[in-house]
Amino acid sequence: MKKIEIVQGLLDANNATAAGNRALLDRHGCTAVNIMSAPGAGKTSVVLRTIAGLDAHVRTGVIEGDVVSTVDAEKVQGTARAVVQINTKGMPESCALVADMVDAALRRLPLEELDVVLIENVGNLICPTEFDLGEHLKVVIASTPEGDDKPLKYPLIFADADAVIINKIDLLPYVDFDMGKFTQAVRDLNAHAPFFALSCKTGEGVAEWVAWLRDRTRKA
Amino acid sequence: MHEFGITESLVRIVEEKAREAGVTKVTTIRVVIGALTGFVPESIEFYYDRMSRNTVAEGAKLEFEELPATLRCRTCGHVFTPQERHWDCPSCASSEVDIEGGRELYVKEMEVS
């Protein structure tokens, strides 16, 4: 019996593809945003509000990740400059987007006409954490009905976030969500991510989020 | 489950290393997984059984080594392994921490005959 030392990362292949995606986006001056949340927290609503908010200044493309349906892509169709749907059902990994899927989607987008690519990940707070897609910004959305303890249950996704959106603040009078507790729990894991408390329903707070994102795009 | 891609990588890496070393039979593979990753050893094993068929790695035993989570206190710099769900610094009680370790995922070594 003989031992052979290896020490090689199992995510190296994904990370290499992600680095390729990032380089492709950089060549076109596109800023890519990986939008992650639990199902139903409002990823598509945030995408729609973001496109509308950025509209006059920034050209936006969308990659919609979903297990089966095209409903999200249809909702976004009329608003974004270009939309590509990725259905993960039938693919080996169905619980999160991986860099290969985004690579294929980027080839179908007119990147030379875009400033921002919003990537709506599959609704899930665990699996997407592991896979670099080649994005420039990771944004996590939590919504008030989910409760304020999400960062304690899913620490990694909050630790990695470049920004945290708290959606559905119009429901605050009706749900048990302690904003102070939530933001402290995120801050405990993440020293830098800004918070954007907003409601996609009423539009409250959306402008601040959009302004922050616009400052991070390169052609604006 | 999201272990398909990483198991594919695992088999590919082992095959490549075996070829380089001129090995025809791999008996054991040691994989290191950090305690904070969402990857499940049983799922890797499930895919591995199918993916390693007709390769030099077929039938090899997978051994998983778990590395603990380690956190660095942002206030006093103390590095510690947290107890389940309790991430406060045991030295100064600050709750603000940065994750240092526990997210590893790599093939460490293999035994061959």
# chains A, B, ... in the order shown; residues from 1 in each chain; ligands from 1
>>> closest_atom_pairs(of="chain B", to="chain A", cutoff="7 Å", atoms="only C-alpha atoms", output="Markdown table")
| residue | atom | partner | partner_atom | distance |
| --- | --- | --- | --- | --- |
| B:Met1 | CA | A:Glu93 | CA | 6.7 |
| B:His2 | CA | A:Glu93 | CA | 5.0 |
| B:Phe4 | CA | A:Pro92 | CA | 5.9 |
| B:Ile6 | CA | A:Leu10 | CA | 5.2 |
| B:Ser9 | CA | A:Leu10 | CA | 5.7 |
| B:Leu10 | CA | A:Leu10 | CA | 6.1 |
| B:Gly38 | CA | A:Ile126 | CA | 6.5 |
| B:Arg85 | CA | A:Leu152 | CA | 6.9 |
| B:Ser95 | CA | A:Asp188 | CA | 5.5 |
| B:Glu96 | CA | A:Asp188 | CA | 3.9 |
| B:Val97 | CA | A:Leu189 | CA | 5.6 |
| B:Asp98 | CA | A:Leu189 | CA | 6.1 |
| B:Leu105 | CA | A:Gly9 | CA | 5.8 |
| B:Tyr106 | CA | A:Gly9 | CA | 4.0 |
| B:Val107 | CA | A:Val7 | CA | 5.2 |
| B:Lys108 | CA | A:Val7 | CA | 4.3 |
| B:Glu109 | CA | A:Glu5 | CA | 4.3 |
| B:Met110 | CA | A:Ile4 | CA | 5.3 |
| B:Glu111 | CA | A:Lys3 | CA | 4.5 |
| B:Val112 | CA | A:Lys2 | CA | 5.3 |
| B:Ser113 | CA | A:Met1 | CA | 4.9 |
>>> write_last_selection(atoms="N, CA, C and O atoms", output="compact mmCIF listing (two decimals), in the first residue's frame")
# COMPACT_ATOMS: atom_id res chain seq x y z
N MET B 1 -30.01 18.04 -3.46
CA MET B 1 -28.63 17.55 -3.52
C MET B 1 -27.83 18.37 -4.52
O MET B 1 -28.29 18.66 -5.60
N HIS B 2 -26.63 18.74 -4.12
CA HIS B 2 -25.80 19.48 -5.06
C HIS B 2 -24.39 18.91 -5.05
O HIS B 2 -23.41 19.62 -5.15
N PHE B 4 -23.41 16.39 -7.23
CA PHE B 4 -23.10 15.77 -8.52
C PHE B 4 -21.78 16.31 -9.08
O PHE B 4 -20.85 15.55 -9.36
N ILE B 6 -19.35 18.12 -7.74
CA ILE B 6 -18.11 17.95 -6.96
C ILE B 6 -17.66 16.48 -6.94
O ILE B 6 -16.47 16.20 -6.87
N SER B 9 -15.86 15.96 -10.11
CA SER B 9 -14.50 16.49 -9.94
C SER B 9 -13.62 15.52 -9.18
O SER B 9 -12.46 15.31 -9.53
N LEU B 10 -14.20 14.94 -8.14
CA LEU B 10 -13.44 13.99 -7.31
C LEU B 10 -12.92 12.82 -8.14
O LEU B 10 -11.72 12.49 -8.09
N GLY B 38 -22.29 22.88 3.10
CA GLY B 38 -23.57 22.19 3.02
C GLY B 38 -23.46 20.85 2.31
O GLY B 38 -24.47 20.26 1.97
N ARG B 85 -24.71 26.82 17.18
CA ARG B 85 -25.60 27.98 17.25
C ARG B 85 -25.18 29.07 18.24
O ARG B 85 -25.92 29.97 18.52
N SER B 95 -20.15 39.37 20.00
CA SER B 95 -20.87 38.50 19.08
C SER B 95 -20.41 38.70 17.64
O SER B 95 -20.87 38.01 16.73
N GLU B 96 -19.48 39.64 17.42
CA GLU B 96 -19.07 39.93 16.05
C GLU B 96 -17.84 39.11 15.65
O GLU B 96 -16.77 39.25 16.23
N VAL B 97 -18.03 38.24 14.66
CA VAL B 97 -16.97 37.30 14.29
C VAL B 97 -16.80 37.22 12.77
O VAL B 97 -17.70 37.56 12.01
N ASP B 98 -15.62 36.80 12.36
CA ASP B 98 -15.40 36.46 10.95
C ASP B 98 -15.12 34.97 10.87
O ASP B 98 -14.45 34.41 11.74
N LEU B 105 -13.19 22.05 1.23
CA LEU B 105 -13.70 20.89 0.50
C LEU B 105 -12.63 20.47 -0.51
O LEU B 105 -12.45 21.09 -1.54
N TYR B 106 -11.85 19.45 -0.14
CA TYR B 106 -10.79 19.02 -1.05
C TYR B 106 -10.44 17.54 -0.88
O TYR B 106 -10.74 16.94 0.14
N VAL B 107 -9.82 16.97 -1.93
CA VAL B 107 -9.28 15.61 -1.82
C VAL B 107 -7.92 15.75 -1.20
O VAL B 107 -7.07 16.48 -1.71
N LYS B 108 -7.70 15.05 -0.11
CA LYS B 108 -6.43 15.19 0.60
C LYS B 108 -5.39 14.21 0.05
O LYS B 108 -4.28 14.58 -0.29
N GLU B 109 -5.78 12.93 -0.03
CA GLU B 109 -4.80 11.91 -0.47
C GLU B 109 -5.54 10.64 -0.87
O GLU B 109 -6.75 10.51 -0.64
N MET B 110 -4.77 9.76 -1.48
CA MET B 110 -5.36 8.45 -1.79
C MET B 110 -4.36 7.36 -1.48
O MET B 110 -3.15 7.58 -1.49
N GLU B 111 -4.91 6.19 -1.18
CA GLU B 111 -4.07 5.01 -0.98
C GLU B 111 -4.23 4.12 -2.20
O GLU B 111 -5.35 3.95 -2.71
N VAL B 112 -3.11 3.60 -2.66
CA VAL B 112 -3.14 2.80 -3.90
C VAL B 112 -2.42 1.48 -3.67
O VAL B 112 -1.64 1.35 -2.73
N SER B 113 -2.74 0.51 -4.52
CA SER B 113 -2.01 -0.75 -4.36
C SER B 113 -1.40 -1.14 -5.70
O SER B 113 -1.71 -0.56 -6.72
>>> residues_around(residues="segment 104-120 of chain A", least_positions_apart="2", cutoff="6 Å", atoms="only C-alpha atoms", output="PDB file with C-alpha atoms, in the first residue's frame")
ATOM      1  CA  HIS A  28     -18.083  44.013 -21.553  1.00  0.00           C
ATOM      2  CA  CYS A  30     -21.090  44.412 -17.087  1.00  0.00           C
ATOM      3  CA  THR A  31     -21.729  44.155 -13.374  1.00  0.00           C
ATOM      4  CA  ALA A  32     -23.338  40.856 -12.381  1.00  0.00           C
ATOM      5  CA  VAL A  33     -25.444  40.468  -9.254  1.00  0.00           C
ATOM      6  CA  ASN A  34     -26.224  37.068  -7.727  1.00  0.00           C
ATOM      7  CA  ILE A  35     -29.620  37.428  -6.035  1.00  0.00           C
ATOM      8  CA  VAL A  58     -28.639  51.490 -16.932  1.00  0.00           C
ATOM      9  CA  ARG A  59     -29.396  48.650 -19.364  1.00  0.00           C
ATOM     10  CA  THR A  60     -30.244  45.465 -17.541  1.00  0.00           C
ATOM     11  CA  GLY A  61     -30.259  41.808 -18.531  1.00  0.00           C
ATOM     12  CA  VAL A  62     -31.659  39.019 -16.395  1.00  0.00           C
ATOM     13  CA  ILE A  63     -30.779  35.360 -15.915  1.00  0.00           C
ATOM     14  CA  GLU A  64     -33.693  33.543 -14.294  1.00  0.00           C
ATOM     15  CA  GLY A  65     -32.848  30.351 -12.449  1.00  0.00           C
ATOM     16  CA  MET A 101     -25.177  27.157 -16.237  1.00  0.00           C
ATOM     17  CA  VAL A 102     -24.374  30.850 -15.997  1.00  0.00           C
TER      18      VAL A 102
END
>>> select_by_dssp(residues="segment 3-97 of chain A", states="helix (DSSP H, G or I)", output="NGL selection string")
:A and (12-27 or 43-54 or 71-77)
>>> write_last_selection(atoms="N, CA and C atoms", output="mmCIF file, in the first residue's frame")
data_model
loop_
_atom_site.group_PDB
_atom_site.id
_atom_site.type_symbol
_atom_site.label_atom_id
_atom_site.label_comp_id
_atom_site.auth_asym_id
_atom_site.auth_seq_id
_atom_site.Cartn_x
_atom_site.Cartn_y
_atom_site.Cartn_z
ATOM 1 N N ASP A 12 -12.745 23.524 -7.464
ATOM 2 C CA ASP A 12 -11.808 24.232 -8.350
ATOM 3 C C ASP A 12 -12.362 24.392 -9.764
ATOM 4 N N ALA A 13 -13.012 23.329 -10.278
ATOM 5 C CA ALA A 13 -13.535 23.384 -11.652
ATOM 6 C C ALA A 13 -14.629 24.439 -11.754
ATOM 7 N N ASN A 14 -15.538 24.452 -10.771
ATOM 8 C CA ASN A 14 -16.600 25.468 -10.773
ATOM 9 C C ASN A 14 -15.998 26.864 -10.652
ATOM 10 N N ASN A 15 -15.007 26.997 -9.765
ATOM 11 C CA ASN A 15 -14.405 28.312 -9.549
ATOM 12 C C ASN A 15 -13.670 28.816 -10.787
ATOM 13 N N ALA A 16 -13.075 27.882 -11.543
ATOM 14 C CA ALA A 16 -12.375 28.284 -12.766
ATOM 15 C C ALA A 16 -13.379 28.787 -13.808
ATOM 16 N N THR A 17 -14.517 28.092 -13.921
ATOM 17 C CA THR A 17 -15.554 28.549 -14.856
ATOM 18 C C THR A 17 -16.097 29.902 -14.409
ATOM 19 N N ALA A 18 -16.282 30.058 -13.094
ATOM 20 C CA ALA A 18 -16.768 31.332 -12.562
ATOM 21 C C ALA A 18 -15.799 32.462 -12.881
ATOM 22 N N ALA A 19 -14.511 32.184 -12.762
ATOM 23 C CA ALA A 19 -13.501 33.204 -13.072
ATOM 24 C C ALA A 19 -13.591 33.590 -14.549
ATOM 25 N N GLY A 20 -13.863 32.598 -15.411
ATOM 26 C CA GLY A 20 -14.054 32.864 -16.841
ATOM 27 C C GLY A 20 -15.274 33.742 -17.071
ATOM 28 N N ASN A 21 -16.351 33.443 -16.356
ATOM 29 C CA ASN A 21 -17.570 34.261 -16.476
ATOM 30 C C ASN A 21 -17.286 35.710 -16.083
ATOM 31 N N ARG A 22 -16.541 35.861 -14.981
ATOM 32 C CA ARG A 22 -16.248 37.202 -14.479
ATOM 33 C C ARG A 22 -15.407 37.977 -15.502
ATOM 34 N N ALA A 23 -14.456 37.281 -16.093
ATOM 35 C CA ALA A 23 -13.594 37.926 -17.092
ATOM 36 C C ALA A 23 -14.414 38.361 -18.310
ATOM 37 N N LEU A 24 -15.355 37.502 -18.727
ATOM 38 C CA LEU A 24 -16.216 37.827 -19.870
ATOM 39 C C LEU A 24 -17.066 39.060 -19.550
ATOM 40 N N LEU A 25 -17.645 39.085 -18.360
ATOM 41 C CA LEU A 25 -18.457 40.230 -17.931
ATOM 42 C C LEU A 25 -17.598 41.489 -17.868
ATOM 43 N N ASP A 26 -16.402 41.347 -17.331
ATOM 44 C CA ASP A 26 -15.501 42.502 -17.207
ATOM 45 C C ASP A 26 -15.153 43.084 -18.578
ATOM 46 N N ARG A 27 -14.919 42.194 -19.549
ATOM 47 C CA ARG A 27 -14.588 42.667 -20.903
ATOM 48 C C ARG A 27 -15.702 43.538 -21.471
ATOM 49 N N LYS A 43 -37.583 37.575 -4.760
ATOM 50 C CA LYS A 43 -36.476 37.810 -5.694
ATOM 51 C C LYS A 43 -36.964 38.442 -6.992
ATOM 52 N N THR A 44 -38.023 37.872 -7.569
ATOM 53 C CA THR A 44 -38.506 38.393 -8.851
ATOM 54 C C THR A 44 -39.058 39.807 -8.692
ATOM 55 N N SER A 45 -39.750 40.059 -7.578
ATOM 56 C CA SER A 45 -40.260 41.408 -7.334
ATOM 57 C C SER A 45 -39.122 42.411 -7.210
ATOM 58 N N VAL A 46 -38.045 42.006 -6.539
ATOM 59 C CA VAL A 46 -36.883 42.894 -6.420
ATOM 60 C C VAL A 46 -36.254 43.125 -7.795
ATOM 61 N N VAL A 47 -36.185 42.057 -8.598
ATOM 62 C CA VAL A 47 -35.632 42.195 -9.950
ATOM 63 C C VAL A 47 -36.451 43.226 -10.743
ATOM 64 N N LEU A 48 -37.776 43.090 -10.690
ATOM 65 C CA LEU A 48 -38.651 44.009 -11.440
ATOM 66 C C LEU A 48 -38.501 45.448 -10.947
ATOM 67 N N ARG A 49 -38.493 45.637 -9.638
ATOM 68 C CA ARG A 49 -38.319 46.976 -9.060
ATOM 69 C C ARG A 49 -36.949 47.557 -9.426
ATOM 70 N N THR A 50 -35.952 46.693 -9.438
ATOM 71 C CA THR A 50 -34.591 47.150 -9.731
ATOM 72 C C THR A 50 -34.483 47.614 -11.181
ATOM 73 N N ILE A 51 -35.036 46.808 -12.086
ATOM 74 C CA ILE A 51 -34.977 47.180 -13.510
ATOM 75 C C ILE A 51 -35.708 48.511 -13.717
ATOM 76 N N ALA A 52 -36.890 48.635 -13.113
ATOM 77 C CA ALA A 52 -37.664 49.868 -13.274
ATOM 78 C C ALA A 52 -36.909 51.053 -12.688
ATOM 79 N N GLY A 53 -36.261 50.836 -11.546
ATOM 80 C CA GLY A 53 -35.524 51.914 -10.885
ATOM 81 C C GLY A 53 -34.294 52.333 -11.666
ATOM 82 N N LEU A 54 -33.628 51.373 -12.296
ATOM 83 C CA LEU A 54 -32.394 51.657 -13.022
ATOM 84 C C LEU A 54 -32.670 52.167 -14.426
ATOM 85 N N VAL A 71 -42.379 31.062 -15.256
ATOM 86 C CA VAL A 71 -43.241 32.183 -14.838
ATOM 87 C C VAL A 71 -42.431 33.425 -14.488
ATOM 88 N N ASP A 72 -41.284 33.230 -13.825
ATOM 89 C CA ASP A 72 -40.480 34.394 -13.449
ATOM 90 C C ASP A 72 -39.932 35.092 -14.691
ATOM 91 N N ALA A 73 -39.453 34.295 -15.642
ATOM 92 C CA ALA A 73 -38.901 34.873 -16.866
ATOM 93 C C ALA A 73 -39.977 35.648 -17.623
ATOM 94 N N GLU A 74 -41.205 35.091 -17.632
ATOM 95 C CA GLU A 74 -42.303 35.782 -18.326
ATOM 96 C C GLU A 74 -42.614 37.125 -17.686
ATOM 97 N N LYS A 75 -42.577 37.146 -16.334
ATOM 98 C CA LYS A 75 -42.849 38.396 -15.620
ATOM 99 C C LYS A 75 -41.814 39.464 -15.973
ATOM 100 N N VAL A 76 -40.591 39.033 -16.172
ATOM 101 C CA VAL A 76 -39.488 39.968 -16.376
ATOM 102 C C VAL A 76 -39.349 40.363 -17.844
ATOM 103 N N GLN A 77 -39.867 39.494 -18.734
ATOM 104 C CA GLN A 77 -39.713 39.633 -20.182
ATOM 105 C C GLN A 77 -39.904 41.056 -20.719
#
>>> residues_around(residues="segment 74-83 of chain B", least_positions_apart="5", cutoff="8 Å", atoms="only C-alpha atoms", output="ChimeraX atom specification")
/B:68-69,88-92,94,96-98
>>> select_by_dssp(residues="chain B", states="strand (DSSP E or B)", output="VMD selection string")
chain B and resid 26 to 34 61 to 67 70 to 73 79 to 80 83 86 97 to 101 105 to 112
>>> closest_residue(among="B:Glu84, B:Ala35, B:Arg72, B:Val11", to="Asn54 of chain B", atoms="only C-alpha atoms")
B:Val11
